[in-house]
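This is upload-v5.cif. It holds mmCIF, N, CA, C and O atoms.
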data_query
#
loop_
_atom_site.label_atom_id
_atom_site.label_comp_id
_atom_site.auth_asym_id
_atom_site.auth_seq_id
_atom_site.Cartn_x
_atom_site.Cartn_y
_atom_site.Cartn_z
N MET A 1473 62.88 113.56 86.68
CA MET A 1473 64.26 113.88 86.34
C MET A 1473 64.93 112.62 85.80
O MET A 1473 64.80 111.55 86.38
N ARG A 1474 65.63 112.75 84.72
CA ARG A 1474 66.31 111.61 84.10
C ARG A 1474 67.81 111.76 84.26
O ARG A 1474 68.38 112.82 83.98
N LEU A 1475 68.44 110.67 84.72
CA LEU A 1475 69.90 110.69 84.86
C LEU A 1475 70.53 110.55 83.49
O LEU A 1475 70.01 109.87 82.61
N ARG A 1476 71.67 111.17 83.33
CA ARG A 1476 72.38 111.06 82.06
C ARG A 1476 73.07 109.71 81.99
O ARG A 1476 73.74 109.30 82.92
N HIS A 1477 72.90 109.03 80.90
CA HIS A 1477 73.54 107.73 80.71
C HIS A 1477 74.81 107.92 79.92
O HIS A 1477 74.87 108.69 78.98
N ARG A 1478 75.82 107.17 80.31
CA ARG A 1478 77.07 107.21 79.55
C ARG A 1478 76.96 106.27 78.37
O ARG A 1478 76.42 105.18 78.46
N ARG A 1479 77.51 106.69 77.26
CA ARG A 1479 77.54 105.83 76.10
C ARG A 1479 78.62 104.78 76.28
O ARG A 1479 79.66 105.05 76.87
N PRO A 1480 78.38 103.57 75.79
CA PRO A 1480 79.43 102.53 75.88
C PRO A 1480 80.70 102.98 75.18
O PRO A 1480 80.65 103.61 74.12
N GLY A 1481 81.83 102.65 75.78
CA GLY A 1481 83.10 103.01 75.18
C GLY A 1481 83.60 104.39 75.54
O GLY A 1481 84.69 104.78 75.14
N ARG A 1482 82.83 105.16 76.25
CA ARG A 1482 83.26 106.50 76.63
C ARG A 1482 84.14 106.40 77.88
O ARG A 1482 83.87 105.58 78.77
N PRO A 1483 85.19 107.19 77.97
CA PRO A 1483 86.07 107.10 79.14
C PRO A 1483 85.35 107.56 80.40
O PRO A 1483 84.53 108.47 80.37
N ARG A 1484 85.66 106.88 81.51
CA ARG A 1484 85.09 107.26 82.80
C ARG A 1484 86.23 107.66 83.72
O ARG A 1484 87.27 107.02 83.75
N GLY A 1485 86.04 108.67 84.48
CA GLY A 1485 87.02 109.07 85.46
C GLY A 1485 88.23 109.77 84.85
O GLY A 1485 89.19 110.05 85.54
N LYS A 1486 88.20 110.05 83.58
CA LYS A 1486 89.32 110.73 82.94
C LYS A 1486 89.02 112.22 82.93
O LYS A 1486 87.88 112.64 82.87
N ARG A 1487 90.05 113.01 82.92
CA ARG A 1487 89.88 114.45 82.89
C ARG A 1487 90.10 114.92 81.46
O ARG A 1487 90.98 115.74 81.19
N LYS A 1488 89.32 114.38 80.55
CA LYS A 1488 89.50 114.67 79.13
C LYS A 1488 89.22 116.15 78.86
O LYS A 1488 88.17 116.66 79.20
N GLY A 1489 90.19 116.80 78.28
CA GLY A 1489 90.02 118.20 77.96
C GLY A 1489 90.35 119.14 79.10
O GLY A 1489 90.22 120.35 78.96
N HIS A 1490 90.79 118.60 80.22
CA HIS A 1490 91.14 119.42 81.38
C HIS A 1490 92.61 119.24 81.70
O HIS A 1490 93.26 118.32 81.23
N ASN A 1491 93.12 120.10 82.54
CA ASN A 1491 94.49 119.95 83.01
C ASN A 1491 94.58 118.73 83.93
O ASN A 1491 93.62 118.41 84.63
N PRO A 1492 95.72 118.05 83.94
CA PRO A 1492 95.85 116.88 84.83
C PRO A 1492 95.82 117.32 86.29
O PRO A 1492 96.21 118.43 86.64
N SER A 1493 95.37 116.39 87.13
CA SER A 1493 95.31 116.70 88.56
C SER A 1493 96.72 116.71 89.14
O SER A 1493 97.66 116.14 88.57
N VAL A 1494 96.87 117.32 90.29
CA VAL A 1494 98.17 117.37 90.96
C VAL A 1494 98.63 115.97 91.32
O VAL A 1494 99.80 115.62 91.16
N ALA A 1495 97.70 115.12 91.76
CA ALA A 1495 98.06 113.75 92.13
C ALA A 1495 98.60 112.98 90.93
O ALA A 1495 99.58 112.24 91.05
N SER A 1496 98.00 113.15 89.76
CA SER A 1496 98.48 112.42 88.59
C SER A 1496 99.85 112.92 88.15
O SER A 1496 100.66 112.14 87.66
N ILE A 1497 100.12 114.20 88.35
CA ILE A 1497 101.45 114.73 88.01
C ILE A 1497 102.50 114.13 88.94
O ILE A 1497 103.55 113.67 88.48
N TYR A 1498 102.22 114.09 90.24
CA TYR A 1498 103.17 113.50 91.19
C TYR A 1498 103.36 112.00 90.92
O TYR A 1498 104.46 111.49 91.02
N ARG A 1499 102.28 111.31 90.55
CA ARG A 1499 102.37 109.89 90.25
C ARG A 1499 103.27 109.66 89.04
O ARG A 1499 104.11 108.78 89.04
N ALA A 1500 103.12 110.48 88.01
CA ALA A 1500 103.95 110.36 86.81
C ALA A 1500 105.40 110.68 87.12
O ALA A 1500 106.32 110.01 86.62
N LEU A 1501 105.64 111.71 87.93
CA LEU A 1501 107.02 112.06 88.30
C LEU A 1501 107.68 110.96 89.12
O LEU A 1501 108.86 110.65 88.92
N ALA A 1502 106.92 110.34 90.02
CA ALA A 1502 107.47 109.26 90.84
C ALA A 1502 107.80 108.04 89.97
O ALA A 1502 108.85 107.42 90.14
N GLU A 1503 106.94 107.73 89.02
CA GLU A 1503 107.21 106.60 88.13
C GLU A 1503 108.44 106.87 87.27
O GLU A 1503 109.27 105.99 87.08
N HIS A 1504 108.56 108.09 86.79
CA HIS A 1504 109.72 108.45 85.99
C HIS A 1504 111.01 108.37 86.81
O HIS A 1504 112.03 107.87 86.33
N ALA A 1505 110.95 108.83 88.05
CA ALA A 1505 112.13 108.77 88.92
C ALA A 1505 112.54 107.33 89.19
O ALA A 1505 113.74 107.01 89.21
N LYS A 1506 111.57 106.44 89.37
CA LYS A 1506 111.89 105.02 89.59
C LYS A 1506 112.57 104.42 88.37
O LYS A 1506 113.53 103.67 88.49
N ARG A 1507 112.05 104.76 87.19
CA ARG A 1507 112.66 104.23 85.96
C ARG A 1507 114.08 104.75 85.79
O ARG A 1507 114.95 104.02 85.31
N GLU A 1508 114.32 105.99 86.14
CA GLU A 1508 115.66 106.57 86.04
C GLU A 1508 116.61 105.95 87.07
O GLU A 1508 117.76 105.72 86.78
N ALA A 1509 116.11 105.68 88.27
CA ALA A 1509 116.95 105.18 89.36
C ALA A 1509 117.28 103.70 89.20
O ALA A 1509 118.36 103.26 89.59
N PHE A 1510 116.36 102.92 88.62
CA PHE A 1510 116.54 101.47 88.53
C PHE A 1510 116.31 100.98 87.11
O PHE A 1510 115.37 100.21 86.86
N PRO A 1511 117.17 101.36 86.15
CA PRO A 1511 116.93 100.93 84.77
C PRO A 1511 117.06 99.41 84.60
O PRO A 1511 116.39 98.82 83.76
N GLU A 1512 117.91 98.78 85.44
CA GLU A 1512 118.06 97.33 85.31
C GLU A 1512 116.79 96.60 85.73
O GLU A 1512 116.45 95.56 85.18
N ALA A 1513 116.06 97.14 86.70
CA ALA A 1513 114.81 96.53 87.13
C ALA A 1513 113.76 96.65 86.02
O ALA A 1513 112.97 95.72 85.80
N VAL A 1514 113.74 97.77 85.34
CA VAL A 1514 112.80 97.96 84.24
C VAL A 1514 113.11 96.97 83.12
O VAL A 1514 112.22 96.33 82.57
N ASP A 1515 114.39 96.82 82.79
CA ASP A 1515 114.78 95.88 81.74
C ASP A 1515 114.43 94.45 82.13
O ASP A 1515 113.96 93.66 81.30
N ALA A 1516 114.65 94.10 83.40
CA ALA A 1516 114.32 92.76 83.87
C ALA A 1516 112.81 92.51 83.80
O ALA A 1516 112.37 91.42 83.42
N ALA A 1517 112.02 93.50 84.16
CA ALA A 1517 110.57 93.36 84.11
C ALA A 1517 110.10 93.19 82.67
O ALA A 1517 109.23 92.36 82.39
N HIS A 1518 110.69 93.95 81.74
CA HIS A 1518 110.32 93.80 80.33
C HIS A 1518 110.68 92.40 79.83
O HIS A 1518 109.91 91.79 79.08
N ALA A 1519 111.83 91.89 80.24
CA ALA A 1519 112.25 90.55 79.83
C ALA A 1519 111.31 89.49 80.40
O ALA A 1519 110.96 88.52 79.71
N ASP A 1520 110.88 89.66 81.66
CA ASP A 1520 109.97 88.71 82.28
C ASP A 1520 108.62 88.68 81.56
O ASP A 1520 108.06 87.61 81.31
N VAL A 1521 108.11 89.85 81.22
CA VAL A 1521 106.83 89.92 80.52
C VAL A 1521 106.95 89.28 79.14
O VAL A 1521 106.07 88.52 78.72
N ALA A 1522 108.04 89.55 78.45
CA ALA A 1522 108.24 88.95 77.13
C ALA A 1522 108.32 87.43 77.23
O ALA A 1522 107.75 86.71 76.40
N ALA A 1523 108.99 86.92 78.26
CA ALA A 1523 109.11 85.47 78.45
C ALA A 1523 107.75 84.86 78.77
O ALA A 1523 107.42 83.77 78.28
N LEU A 1524 106.95 85.52 79.59
CA LEU A 1524 105.62 85.00 79.91
C LEU A 1524 104.72 84.98 78.68
O LEU A 1524 103.97 84.03 78.46
N GLN A 1525 104.81 86.03 77.86
CA GLN A 1525 103.95 86.11 76.68
C GLN A 1525 104.36 85.10 75.62
O GLN A 1525 103.52 84.63 74.86
N SER A 1526 105.63 84.76 75.56
CA SER A 1526 106.08 83.80 74.55
C SER A 1526 105.89 82.36 75.02
O SER A 1526 106.09 81.43 74.25
N GLY A 1527 105.54 82.17 76.30
CA GLY A 1527 105.31 80.83 76.81
C GLY A 1527 106.55 80.15 77.33
O GLY A 1527 106.54 78.96 77.61
N GLU A 1528 107.65 80.86 77.47
CA GLU A 1528 108.89 80.27 77.97
C GLU A 1528 108.81 79.94 79.45
O GLU A 1528 109.43 78.98 79.90
N LEU A 1529 108.07 80.73 80.20
CA LEU A 1529 107.93 80.51 81.64
C LEU A 1529 106.53 80.00 81.93
O LEU A 1529 105.56 80.41 81.28
N PRO A 1530 106.37 79.10 82.90
CA PRO A 1530 105.02 78.66 83.25
C PRO A 1530 104.25 79.78 83.93
O PRO A 1530 104.83 80.66 84.57
N GLY A 1531 102.95 79.75 83.81
CA GLY A 1531 102.10 80.76 84.42
C GLY A 1531 101.97 80.53 85.91
O GLY A 1531 102.55 79.59 86.47
N PRO A 1532 101.19 81.35 86.60
CA PRO A 1532 101.01 81.20 88.05
C PRO A 1532 100.24 79.94 88.38
O PRO A 1532 99.39 79.48 87.60
N HIS A 1533 100.53 79.35 89.52
CA HIS A 1533 99.83 78.16 89.98
C HIS A 1533 98.57 78.58 90.71
O HIS A 1533 98.57 79.55 91.45
N THR A 1534 97.52 77.84 90.50
CA THR A 1534 96.27 78.14 91.20
C THR A 1534 96.06 77.12 92.30
O THR A 1534 96.65 76.03 92.30
N ALA A 1535 95.22 77.44 93.24
CA ALA A 1535 94.96 76.54 94.37
C ALA A 1535 94.29 75.26 93.89
O ALA A 1535 94.52 74.19 94.42
N THR A 1536 93.45 75.33 92.86
CA THR A 1536 92.77 74.12 92.36
C THR A 1536 93.74 73.17 91.69
O THR A 1536 93.59 71.96 91.79
N ALA A 1537 94.75 73.69 91.02
CA ALA A 1537 95.74 72.83 90.36
C ALA A 1537 96.59 72.11 91.39
O ALA A 1537 96.94 70.94 91.21
N GLU A 1538 96.92 72.78 92.47
CA GLU A 1538 97.75 72.16 93.50
C GLU A 1538 96.94 71.15 94.32
O GLU A 1538 97.48 70.16 94.80
N ALA A 1539 95.65 71.37 94.48
CA ALA A 1539 94.81 70.46 95.24
C ALA A 1539 94.60 69.14 94.47
O ALA A 1539 94.36 68.11 95.06
N ALA A 1540 94.70 69.19 93.15
CA ALA A 1540 94.50 68.01 92.33
C ALA A 1540 95.68 67.04 92.40
O ALA A 1540 95.58 65.89 92.03
N ARG A 1541 96.81 67.50 92.88
CA ARG A 1541 98.01 66.66 92.95
C ARG A 1541 97.90 65.60 93.99
O ARG A 1541 97.35 65.49 94.94
#
Encoded form (C-alpha cells):
Amino acid sequence: MRLRHRRPGRPRGKRKGHNPSVASIYRALAEHAKREAFPEAVDAAHADVAALQSGELPGPHTATAEAAR
C-alpha cells in the first residue's frame, strides 16, 4: 500500500471546497467583534507594525545581545 504524497505548495489543513467549520466561524466573529469594540487598538497596532517595518523602532532584544554587554 502506498501513502498519498502531497505536492509541494498545496494547502494543508484547509477545508478547500467545503463549508467552513463552526469553530472558524466563531473565531472570525470574535475577531470582528474585537475590531468593532476597540478600533483605536487596531489603529495603534497598524501604526506599530508600520513603524517596525520602516525601521523607526528598534527590534526585540535577544538574550545573546544583552549578554555581550
For this session: Using DSSP on the backbone, list every residue of range 1480-1528 of chain A that comes out as helix (DSSP H, G or I), and give them as a PyMOL selection string.
Result: chain A and resi 1494-1509+1511-1526
Exercise. How many Å lie between atom C of Pro1511 in chain A and CA of Arg1499 in chain A, rounded to one decimal?
Worked result: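 So the two atoms, atom C of Pro1511 in chain A and CA of Arg1499 in chain A, lie 18.9 Å apart.
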Exercise. In Å, with one decimal, what is the gap from atom N of Ala1509 in chain A to atom N of Leu1524 in chain A?
Worked result: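 Between atom N of Ala1509 in chain A and atom N of Leu1524 in chain A the gap is 23.8 Å.
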Problem set entry | Pairwise distance for atom C of Pro1492 in chain A and CA of His1504 in chain A, rounded to one decimal in Å |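 Atom C of Pro1492 in chain A sits 16.5 Å away from CA of His1504 in chain A.
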Please produce range 1487-1498 of chain A, completed to all heavy atoms, as an mmCIF file, keeping the file's coordinate frame.
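Saved to selection-v3.cif:
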data_model
loop_
_atom_site.group_PDB
_atom_site.id
_atom_site.type_symbol
_atom_site.label_atom_id
_atom_site.label_comp_id
_atom_site.auth_asym_id
_atom_site.auth_seq_id
_atom_site.Cartn_x
_atom_site.Cartn_y
_atom_site.Cartn_z
ATOM 1 N N ARG A 1487 90.050 113.010 82.920
ATOM 2 C CA ARG A 1487 89.880 114.450 82.890
ATOM 3 C C ARG A 1487 90.100 114.920 81.460
ATOM 4 O O ARG A 1487 90.980 115.740 81.190
ATOM 5 C CB ARG A 1487 90.836 115.105 83.866
ATOM 6 C CG ARG A 1487 90.533 114.765 85.317
ATOM 7 C CD ARG A 1487 91.622 115.233 86.248
ATOM 8 N NE ARG A 1487 91.920 116.638 86.119
ATOM 9 C CZ ARG A 1487 91.418 117.595 86.893
ATOM 10 N NH1 ARG A 1487 90.577 117.274 87.840
ATOM 11 N NH2 ARG A 1487 91.758 118.837 86.718
ATOM 12 N N LYS A 1488 89.320 114.380 80.550
ATOM 13 C CA LYS A 1488 89.500 114.670 79.130
ATOM 14 C C LYS A 1488 89.220 116.150 78.860
ATOM 15 O O LYS A 1488 88.170 116.660 79.200
ATOM 16 C CB LYS A 1488 88.550 113.794 78.325
ATOM 17 C CG LYS A 1488 88.782 113.840 76.855
ATOM 18 C CD LYS A 1488 87.919 112.824 76.159
ATOM 19 C CE LYS A 1488 88.222 112.832 74.684
ATOM 20 N NZ LYS A 1488 87.437 111.835 73.983
ATOM 21 N N GLY A 1489 90.190 116.800 78.280
ATOM 22 C CA GLY A 1489 90.020 118.200 77.960
ATOM 23 C C GLY A 1489 90.350 119.140 79.100
ATOM 24 O O GLY A 1489 90.220 120.350 78.960
ATOM 25 N N HIS A 1490 90.790 118.600 80.220
ATOM 26 C CA HIS A 1490 91.140 119.420 81.380
ATOM 27 C C HIS A 1490 92.610 119.240 81.700
ATOM 28 O O HIS A 1490 93.260 118.320 81.230
ATOM 29 C CB HIS A 1490 90.319 118.998 82.610
ATOM 30 C CG HIS A 1490 88.858 119.166 82.427
ATOM 31 N ND1 HIS A 1490 88.222 120.382 82.513
ATOM 32 C CD2 HIS A 1490 87.888 118.265 82.143
ATOM 33 C CE1 HIS A 1490 86.942 120.218 82.300
ATOM 34 N NE2 HIS A 1490 86.710 118.940 82.067
ATOM 35 N N ASN A 1491 93.120 120.100 82.540
ATOM 36 C CA ASN A 1491 94.490 119.950 83.010
ATOM 37 C C ASN A 1491 94.580 118.730 83.930
ATOM 38 O O ASN A 1491 93.620 118.410 84.630
ATOM 39 C CB ASN A 1491 94.934 121.197 83.775
ATOM 40 C CG ASN A 1491 95.058 122.398 82.872
ATOM 41 O OD1 ASN A 1491 95.406 122.263 81.705
ATOM 42 N ND2 ASN A 1491 94.763 123.562 83.412
ATOM 43 N N PRO A 1492 95.720 118.050 83.940
ATOM 44 C CA PRO A 1492 95.850 116.880 84.830
ATOM 45 C C PRO A 1492 95.820 117.320 86.290
ATOM 46 O O PRO A 1492 96.210 118.430 86.640
ATOM 47 C CB PRO A 1492 97.205 116.294 84.458
ATOM 48 C CG PRO A 1492 97.941 117.390 83.800
ATOM 49 C CD PRO A 1492 96.927 118.282 83.172
ATOM 50 N N SER A 1493 95.370 116.390 87.130
ATOM 51 C CA SER A 1493 95.310 116.700 88.560
ATOM 52 C C SER A 1493 96.720 116.710 89.140
ATOM 53 O O SER A 1493 97.660 116.140 88.570
ATOM 54 C CB SER A 1493 94.457 115.668 89.293
ATOM 55 O OG SER A 1493 95.097 114.414 89.270
ATOM 56 N N VAL A 1494 96.870 117.320 90.290
ATOM 57 C CA VAL A 1494 98.170 117.370 90.960
ATOM 58 C C VAL A 1494 98.630 115.970 91.320
ATOM 59 O O VAL A 1494 99.800 115.620 91.160
ATOM 60 C CB VAL A 1494 98.081 118.264 92.225
ATOM 61 C CG1 VAL A 1494 99.375 118.233 93.008
ATOM 62 C CG2 VAL A 1494 97.735 119.693 91.834
ATOM 63 N N ALA A 1495 97.700 115.120 91.760
ATOM 64 C CA ALA A 1495 98.060 113.750 92.130
ATOM 65 C C ALA A 1495 98.600 112.980 90.930
ATOM 66 O O ALA A 1495 99.580 112.240 91.050
ATOM 67 C CB ALA A 1495 96.842 113.034 92.699
ATOM 68 N N SER A 1496 98.000 113.150 89.760
ATOM 69 C CA SER A 1496 98.480 112.420 88.590
ATOM 70 C C SER A 1496 99.850 112.920 88.150
ATOM 71 O O SER A 1496 100.660 112.140 87.660
ATOM 72 C CB SER A 1496 97.474 112.503 87.444
ATOM 73 O OG SER A 1496 97.380 113.821 86.954
ATOM 74 N N ILE A 1497 100.120 114.200 88.350
ATOM 75 C CA ILE A 1497 101.450 114.730 88.010
ATOM 76 C C ILE A 1497 102.500 114.130 88.940
ATOM 77 O O ILE A 1497 103.550 113.670 88.480
ATOM 78 C CB ILE A 1497 101.450 116.268 88.099
ATOM 79 C CG1 ILE A 1497 100.581 116.849 86.985
ATOM 80 C CG2 ILE A 1497 102.874 116.807 88.012
ATOM 81 C CD1 ILE A 1497 100.360 118.327 87.094
ATOM 82 N N TYR A 1498 102.220 114.090 90.240
ATOM 83 C CA TYR A 1498 103.170 113.500 91.190
ATOM 84 C C TYR A 1498 103.360 112.000 90.920
ATOM 85 O O TYR A 1498 104.460 111.490 91.020
ATOM 86 C CB TYR A 1498 102.706 113.712 92.633
ATOM 87 C CG TYR A 1498 103.085 115.062 93.167
ATOM 88 C CD1 TYR A 1498 102.131 116.037 93.398
ATOM 89 C CD2 TYR A 1498 104.417 115.378 93.424
ATOM 90 C CE1 TYR A 1498 102.478 117.289 93.883
ATOM 91 C CE2 TYR A 1498 104.778 116.617 93.903
ATOM 92 C CZ TYR A 1498 103.808 117.563 94.128
ATOM 93 O OH TYR A 1498 104.170 118.801 94.599
#
